[in-house]
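Participant: Got a structure here, written out as structure tokens. Questions coming.
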Amino acid sequence: MSPFTGTAARTPRWEHLRVDVTDAVASVTLARPAKLNALTFGAYADLRDLLAELSRERSVRALVLRGEGRGFCSGGDVDEIIGATLDMDTAQLLDFNRMTGQVVRAVREAPFPVIAALHGVAAGAGAVLALAADFRIADPTARFAFLFTRVGLSGGDMGAAYLLPRVVGLGHATRLLMLGEPVPAPEAERIGLLSRLTEEDGADEAALALAHRLAAGPALAYAQTKALLTAELDMPLAAAVELDASTQALLMHGADYREFHAAFTGKRPPKWQGR
């Protein structure tokens with residue numbers, strides 16, 4: 001995401017999300033607890049636009065995505081989205097589905113780590129949002145459910161058929177996307193869907209702690225690592241190692257690389273500048 005902006009001003013308030021930025025860590029909360037944080041058209045659009053805005057600003061070095069109340073996110077709102085799509089024509093449906101995919105791309109392409117803090121249900125689109133994050137930290141109440149076939153749609157929604165096999169393998173991904181059965185937190189940890197399983201009610205605190213650790217680190221190195229992880233998923237080895245070599249050569253001109261050497265020889269902790 002280019003840091004260069006046009007005349008558009010920074011968004012002063014997000015109607016469908018609660019956003020707090022402290023010490024370069026953004027905490028983004030899905031805040032419809034009465035509906036298990038079910039997503040609306042506006043929530044999708046706000047997530048897409050917020051991630052783009054933060055990516056351009058470069059003021060955030062890590063982002064935590066969480067849900068208020070009893071769960072993370074129950075997916076698309078049955079009345080406000082599923083009901084509404086029944087009356088849409090093909091062009092409108094294509095626009096909507098492209099928008100949901102743009103949210104996932106924005107998560108993957110953001111130049112900072114995104115951490116999903118999970119408790120309770122992460123279903124449908126909520127499960128894919130968590131899947132797209134760089135880290136998934138959950139407490140024992142968390143459960144995933146990729147429900148798309150349960151409503152008569154393809155399990156490959158919002159990039160799920162691309163991302164999930166690369167996280168848990170083709171066998172597990174086939175089972176989860178075909179059957180749509182709930183995956184409780186212990187099983188999610190066993191198959192590699194979770195980065196960390198915490199004690200009950202511990203996911204938010206652990207996610208924020210990780211976010212602050214990342215925000216204090218070499219931000220450019222993290223950004224390039226994330227970019228390479230995404231870019232090299234489908235590359236042959238020769239192309240991947242060439243891209244690695246070019247990236248490392250650029251980073252070796254960076255301030256953080258010099259800072260590490262100065263800190264090591266000076267026997268002190270490095271003071272990362274993120275450039």
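Ligands are numbered from 1 in the order shown, residues from 1 within each chain, and chains are lettered A, B, ... in the order they appear in the structure tokens.
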From the DSSP assignment of the backbone, select every residue of range 32-169 of chain A that is helix (DSSP H, G or I), and format the answer as a ChimeraX atom specification.
Facilitator: /A:33-35,41-57,78-85,90-109,125-132,148-151,160-168
Participant: Quick one: write out the picked residues with C-alpha atoms as a PDB file, in the first residue's frame?
Facilitator:
ATOM      1  CA  PRO A  33     -22.693  -7.767  20.721  1.00  0.00           C
ATOM      2  CA  ALA A  34     -26.468  -8.253  20.645  1.00  0.00           C
ATOM      3  CA  LYS A  35     -26.035  -9.926  17.236  1.00  0.00           C
ATOM      4  CA  PHE A  41     -22.512  -4.027   4.376  1.00  0.00           C
ATOM      5  CA  GLY A  42     -21.261  -1.010   6.301  1.00  0.00           C
ATOM      6  CA  ALA A  43     -19.015  -3.085   8.577  1.00  0.00           C
ATOM      7  CA  TYR A  44     -17.337  -4.749   5.589  1.00  0.00           C
ATOM      8  CA  ALA A  45     -16.805  -1.382   3.914  1.00  0.00           C
ATOM      9  CA  ASP A  46     -15.449   0.198   7.106  1.00  0.00           C
ATOM     10  CA  LEU A  47     -12.971  -2.653   7.611  1.00  0.00           C
ATOM     11  CA  ARG A  48     -11.801  -2.344   4.002  1.00  0.00           C
ATOM     12  CA  ASP A  49     -11.390   1.428   4.225  1.00  0.00           C
ATOM     13  CA  LEU A  50      -9.865   1.472   7.714  1.00  0.00           C
ATOM     14  CA  LEU A  51      -7.173  -1.033   6.759  1.00  0.00           C
ATOM     15  CA  ALA A  52      -6.370   0.955   3.623  1.00  0.00           C
ATOM     16  CA  GLU A  53      -6.169   4.200   5.607  1.00  0.00           C
ATOM     17  CA  LEU A  54      -3.937   2.768   8.327  1.00  0.00           C
ATOM     18  CA  SER A  55      -1.721   1.142   5.697  1.00  0.00           C
ATOM     19  CA  ARG A  56      -1.193   4.486   3.963  1.00  0.00           C
ATOM     20  CA  GLU A  57      -0.595   6.443   7.164  1.00  0.00           C
ATOM     21  CA  VAL A  78     -28.860 -12.983   8.143  1.00  0.00           C
ATOM     22  CA  ASP A  79     -31.398 -10.183   7.735  1.00  0.00           C
ATOM     23  CA  GLU A  80     -29.233  -7.264   6.650  1.00  0.00           C
ATOM     24  CA  ILE A  81     -27.013  -9.181   4.223  1.00  0.00           C
ATOM     25  CA  ILE A  82     -28.372 -12.619   3.364  1.00  0.00           C
ATOM     26  CA  GLY A  83     -31.950 -11.387   3.113  1.00  0.00           C
ATOM     27  CA  ALA A  84     -30.911  -8.343   1.104  1.00  0.00           C
ATOM     28  CA  THR A  85     -28.838 -10.336  -1.391  1.00  0.00           C
ATOM     29  CA  THR A  90     -25.826 -10.413 -10.673  1.00  0.00           C
ATOM     30  CA  ALA A  91     -23.850  -7.172 -10.965  1.00  0.00           C
ATOM     31  CA  GLN A  92     -24.795  -6.138  -7.421  1.00  0.00           C
ATOM     32  CA  LEU A  93     -23.950  -9.564  -6.055  1.00  0.00           C
ATOM     33  CA  LEU A  94     -20.580  -9.469  -7.784  1.00  0.00           C
ATOM     34  CA  ASP A  95     -19.870  -6.047  -6.288  1.00  0.00           C
ATOM     35  CA  PHE A  96     -20.752  -7.317  -2.811  1.00  0.00           C
ATOM     36  CA  ASN A  97     -18.652 -10.472  -3.059  1.00  0.00           C
ATOM     37  CA  ARG A  98     -15.725  -8.525  -4.434  1.00  0.00           C
ATOM     38  CA  MET A  99     -15.974  -6.150  -1.466  1.00  0.00           C
ATOM     39  CA  THR A 100     -15.775  -9.009   1.051  1.00  0.00           C
ATOM     40  CA  GLY A 101     -12.704 -10.296  -0.765  1.00  0.00           C
ATOM     41  CA  GLN A 102     -11.172  -6.835  -0.663  1.00  0.00           C
ATOM     42  CA  VAL A 103     -11.380  -6.942   3.135  1.00  0.00           C
ATOM     43  CA  VAL A 104      -9.374 -10.171   3.216  1.00  0.00           C
ATOM     44  CA  ARG A 105      -6.845  -8.756   0.775  1.00  0.00           C
ATOM     45  CA  ALA A 106      -6.544  -5.622   2.924  1.00  0.00           C
ATOM     46  CA  VAL A 107      -5.741  -7.782   5.973  1.00  0.00           C
ATOM     47  CA  ARG A 108      -3.140  -9.798   4.071  1.00  0.00           C
ATOM     48  CA  GLU A 109      -1.590  -6.780   2.312  1.00  0.00           C
ATOM     49  CA  ALA A 125     -17.082 -14.480   7.315  1.00  0.00           C
ATOM     50  CA  GLY A 126     -15.884 -14.146  10.919  1.00  0.00           C
ATOM     51  CA  ALA A 127     -13.886 -17.358  10.550  1.00  0.00           C
ATOM     52  CA  VAL A 128     -12.321 -16.090   7.314  1.00  0.00           C
ATOM     53  CA  LEU A 129     -11.398 -12.740   8.891  1.00  0.00           C
ATOM     54  CA  ALA A 130      -9.590 -14.633  11.634  1.00  0.00           C
ATOM     55  CA  LEU A 131      -7.994 -16.933   9.052  1.00  0.00           C
ATOM     56  CA  ALA A 132      -6.641 -13.940   7.130  1.00  0.00           C
ATOM     57  CA  PHE A 148     -20.845 -21.356   3.637  1.00  0.00           C
ATOM     58  CA  THR A 149     -22.033 -24.749   2.346  1.00  0.00           C
ATOM     59  CA  ARG A 150     -24.629 -24.799   5.137  1.00  0.00           C
ATOM     60  CA  VAL A 151     -26.388 -21.899   3.401  1.00  0.00           C
ATOM     61  CA  ALA A 160     -11.012 -19.340   2.266  1.00  0.00           C
ATOM     62  CA  ALA A 161     -10.206 -22.066  -0.286  1.00  0.00           C
ATOM     63  CA  TYR A 162      -6.879 -20.330  -0.943  1.00  0.00           C
ATOM     64  CA  LEU A 163      -5.862 -19.541   2.625  1.00  0.00           C
ATOM     65  CA  LEU A 164      -7.126 -22.496   4.670  1.00  0.00           C
ATOM     66  CA  PRO A 165      -5.188 -25.302   2.893  1.00  0.00           C
ATOM     67  CA  ARG A 166      -2.034 -23.260   3.325  1.00  0.00           C
ATOM     68  CA  VAL A 167      -2.636 -22.993   7.069  1.00  0.00           C
ATOM     69  CA  VAL A 168      -3.955 -26.452   7.976  1.00  0.00           C
TER      70      VAL A 168
END
Participant: Could you give me the residues within range 12-144 of chain A that DSSP places in strand (DSSP E or B), as an NGL selection string?
Facilitator: :A and (18-22 or 25-30 or 39 or 62-67 or 73 or 76 or 114-118 or 121-123 or 135-138 or 143-144)
Participant: Can you write just those residues out, C-alpha atoms, as a PDB file, in the first residue's frame?
Facilitator:
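Saved to again-v2.pdb:
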ATOM      1  CA  ARG A  18     -14.749   0.907  17.433  1.00  0.00           C
ATOM      2  CA  VAL A  19     -11.168   1.977  16.793  1.00  0.00           C
ATOM      3  CA  ASP A  20      -8.505   2.916  19.326  1.00  0.00           C
ATOM      4  CA  VAL A  21      -4.861   3.603  18.541  1.00  0.00           C
ATOM      5  CA  THR A  22      -2.365   3.666  21.411  1.00  0.00           C
ATOM      6  CA  VAL A  25      -1.141  -0.406  18.216  1.00  0.00           C
ATOM      7  CA  ALA A  26      -4.638  -0.256  16.713  1.00  0.00           C
ATOM      8  CA  SER A  27      -7.399  -2.078  18.552  1.00  0.00           C
ATOM      9  CA  VAL A  28     -10.366  -2.622  16.217  1.00  0.00           C
ATOM     10  CA  THR A  29     -13.532  -3.972  17.792  1.00  0.00           C
ATOM     11  CA  LEU A  30     -16.555  -5.435  16.054  1.00  0.00           C
ATOM     12  CA  LEU A  39     -21.291  -8.125   9.774  1.00  0.00           C
ATOM     13  CA  ALA A  62       0.331  -3.752  14.769  1.00  0.00           C
ATOM     14  CA  LEU A  63      -3.432  -4.244  14.803  1.00  0.00           C
ATOM     15  CA  VAL A  64      -5.665  -6.350  17.046  1.00  0.00           C
ATOM     16  CA  LEU A  65      -9.072  -7.367  15.699  1.00  0.00           C
ATOM     17  CA  ARG A  66     -11.544  -8.461  18.365  1.00  0.00           C
ATOM     18  CA  GLY A  67     -15.245  -8.869  19.023  1.00  0.00           C
ATOM     19  CA  CYS A  73     -18.064 -12.656  14.853  1.00  0.00           C
ATOM     20  CA  GLY A  76     -22.792 -11.987   7.742  1.00  0.00           C
ATOM     21  CA  VAL A 114      -2.802  -8.296  12.233  1.00  0.00           C
ATOM     22  CA  ILE A 115      -3.730 -10.337  15.312  1.00  0.00           C
ATOM     23  CA  ALA A 116      -7.183 -11.865  15.764  1.00  0.00           C
ATOM     24  CA  ALA A 117      -8.194 -12.138  19.446  1.00  0.00           C
ATOM     25  CA  LEU A 118     -10.806 -14.893  19.566  1.00  0.00           C
ATOM     26  CA  VAL A 121     -17.918 -18.063  17.843  1.00  0.00           C
ATOM     27  CA  ALA A 122     -15.931 -17.185  14.720  1.00  0.00           C
ATOM     28  CA  ALA A 123     -18.301 -18.319  11.998  1.00  0.00           C
ATOM     29  CA  PHE A 135      -1.784 -14.486  14.281  1.00  0.00           C
ATOM     30  CA  ARG A 136      -4.854 -16.130  15.816  1.00  0.00           C
ATOM     31  CA  ILE A 137      -4.922 -16.096  19.611  1.00  0.00           C
ATOM     32  CA  ALA A 138      -7.907 -17.787  21.224  1.00  0.00           C
ATOM     33  CA  ARG A 143     -14.788 -22.175  17.943  1.00  0.00           C
ATOM     34  CA  PHE A 144     -14.491 -21.833  14.178  1.00  0.00           C
TER      35      PHE A 144
END
Participant: Hey, can you check how far CA of Leu177 in chain A sits from CA of Ala211 in chain A?
Facilitator: 29.5 Å
Participant: What does the structure give for the distance between CA of Thr225 in chain A and CA of Ala249 in chain A, in Å to one decimal?
Facilitator: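 These two atoms are separated by 13.7 Å.
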Participant: Please list as JSON, numbers by chain every residue within 12 Å of Arg175 in chain A, counting only C-alpha atoms and excluding residues in the same chain fewer than 4 positions away.
Facilitator: {"A": [145, 146, 147, 149, 155, 161, 164, 165, 168, 169, 170, 171, 179, 180, 181, 182, 183, 191]}
Participant: Write the residues you've just listed into a file as a short mmCIF file (atom, residue, chain, number, x, y, z; two decimals), in the first residue's frame, and include N, CA and C atoms for each of them.
Facilitator:
data_model
loop_
_atom_site.label_atom_id
_atom_site.label_comp_id
_atom_site.auth_asym_id
_atom_site.auth_seq_id
_atom_site.Cartn_x
_atom_site.Cartn_y
_atom_site.Cartn_z
N ALA A 145 -16.24 -22.01 12.53
CA ALA A 145 -17.20 -22.72 11.69
C ALA A 145 -17.27 -22.02 10.34
N PHE A 146 -16.79 -22.73 9.30
CA PHE A 146 -16.84 -22.19 7.94
C PHE A 146 -18.16 -22.67 7.33
N LEU A 147 -19.19 -21.86 7.49
CA LEU A 147 -20.58 -22.29 7.31
C LEU A 147 -21.13 -22.13 5.89
N THR A 149 -21.22 -23.70 2.99
CA THR A 149 -22.03 -24.75 2.35
C THR A 149 -23.34 -24.98 3.09
N GLY A 155 -17.88 -23.29 -0.27
CA GLY A 155 -17.01 -23.10 0.89
C GLY A 155 -15.83 -22.19 0.59
N ALA A 161 -10.76 -20.89 0.38
CA ALA A 161 -10.21 -22.07 -0.29
C ALA A 161 -8.75 -21.87 -0.68
N LEU A 164 -7.02 -21.43 3.68
CA LEU A 164 -7.13 -22.50 4.67
C LEU A 164 -6.21 -23.69 4.38
N PRO A 165 -6.12 -24.19 3.13
CA PRO A 165 -5.19 -25.30 2.89
C PRO A 165 -3.75 -24.94 3.19
N VAL A 168 -3.71 -25.18 7.30
CA VAL A 168 -3.96 -26.45 7.98
C VAL A 168 -3.76 -27.66 7.08
N GLY A 169 -3.46 -27.47 5.79
CA GLY A 169 -3.33 -28.58 4.87
C GLY A 169 -4.63 -28.86 4.13
N LEU A 170 -4.50 -29.52 2.97
CA LEU A 170 -5.66 -29.75 2.11
C LEU A 170 -6.71 -30.65 2.75
N GLY A 171 -6.26 -31.68 3.48
CA GLY A 171 -7.21 -32.61 4.08
C GLY A 171 -8.11 -31.94 5.10
N LEU A 179 -17.92 -29.55 5.09
CA LEU A 179 -18.92 -29.94 6.07
C LEU A 179 -19.42 -28.79 6.92
N GLY A 180 -18.59 -27.75 7.10
CA GLY A 180 -19.01 -26.60 7.89
C GLY A 180 -19.21 -26.91 9.36
N GLU A 181 -18.59 -27.98 9.85
CA GLU A 181 -18.77 -28.37 11.25
C GLU A 181 -17.94 -27.49 12.17
N PRO A 182 -18.44 -27.23 13.40
CA PRO A 182 -17.67 -26.40 14.34
C PRO A 182 -16.33 -27.04 14.70
N VAL A 183 -15.33 -26.19 14.85
CA VAL A 183 -13.99 -26.63 15.25
C VAL A 183 -13.67 -25.96 16.57
N ILE A 191 -4.63 -28.69 14.78
CA ILE A 191 -4.43 -28.73 13.34
C ILE A 191 -3.69 -27.51 12.81
#
Participant: Give the answer as one residue: which of A:His172, A:Arg61, A:Arg268, A:Arg196 has the shortest atom-to-atom distance to Gly217 in chain A, using only C-alpha atoms?
Facilitator: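 Closest candidate: A:Arg61.
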Participant: One decimal, Å: what's the distance from CA of Val60 in chain A over to CA of Pro218 in chain A, could you say?
Facilitator: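 Separating CA of Val60 in chain A from CA of Pro218 in chain A is a distance of 12.7 Å.
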Participant: Quick one: residues within 7 Å of Gly274 in chain A, only C-alpha atoms, excluding same-chain residues fewer than 4 positions away - as number ranges by chain?
Facilitator: A: 218-220, 256
Participant: Could you dump the residues just selected with C-alpha atoms as a PDB file, in the first residue's frame?
Facilitator:
ATOM      1  CA  PRO A 218      11.749  -3.742  13.522  1.00  0.00           C
ATOM      2  CA  ALA A 219       8.578  -2.756  11.678  1.00  0.00           C
ATOM      3  CA  LEU A 220      10.065  -2.776   8.180  1.00  0.00           C
ATOM      4  CA  ASP A 256      17.492  -1.039  11.652  1.00  0.00           C
TER       5      ASP A 256
END
Participant: Check the smallest atom-to-atom distance from each of A:Thr141, A:Thr247, A:Gln224, A:Ser154 to Pro184 in chain A using only C-alpha atoms, then report the winner.
Facilitator: A:Thr141
Participant: Between A:Ala221, A:Leu210, A:Ala227, A:Ala8, which is the closest to Gly254 in chain A once you count only C-alpha atoms?
Facilitator: A:Ala221
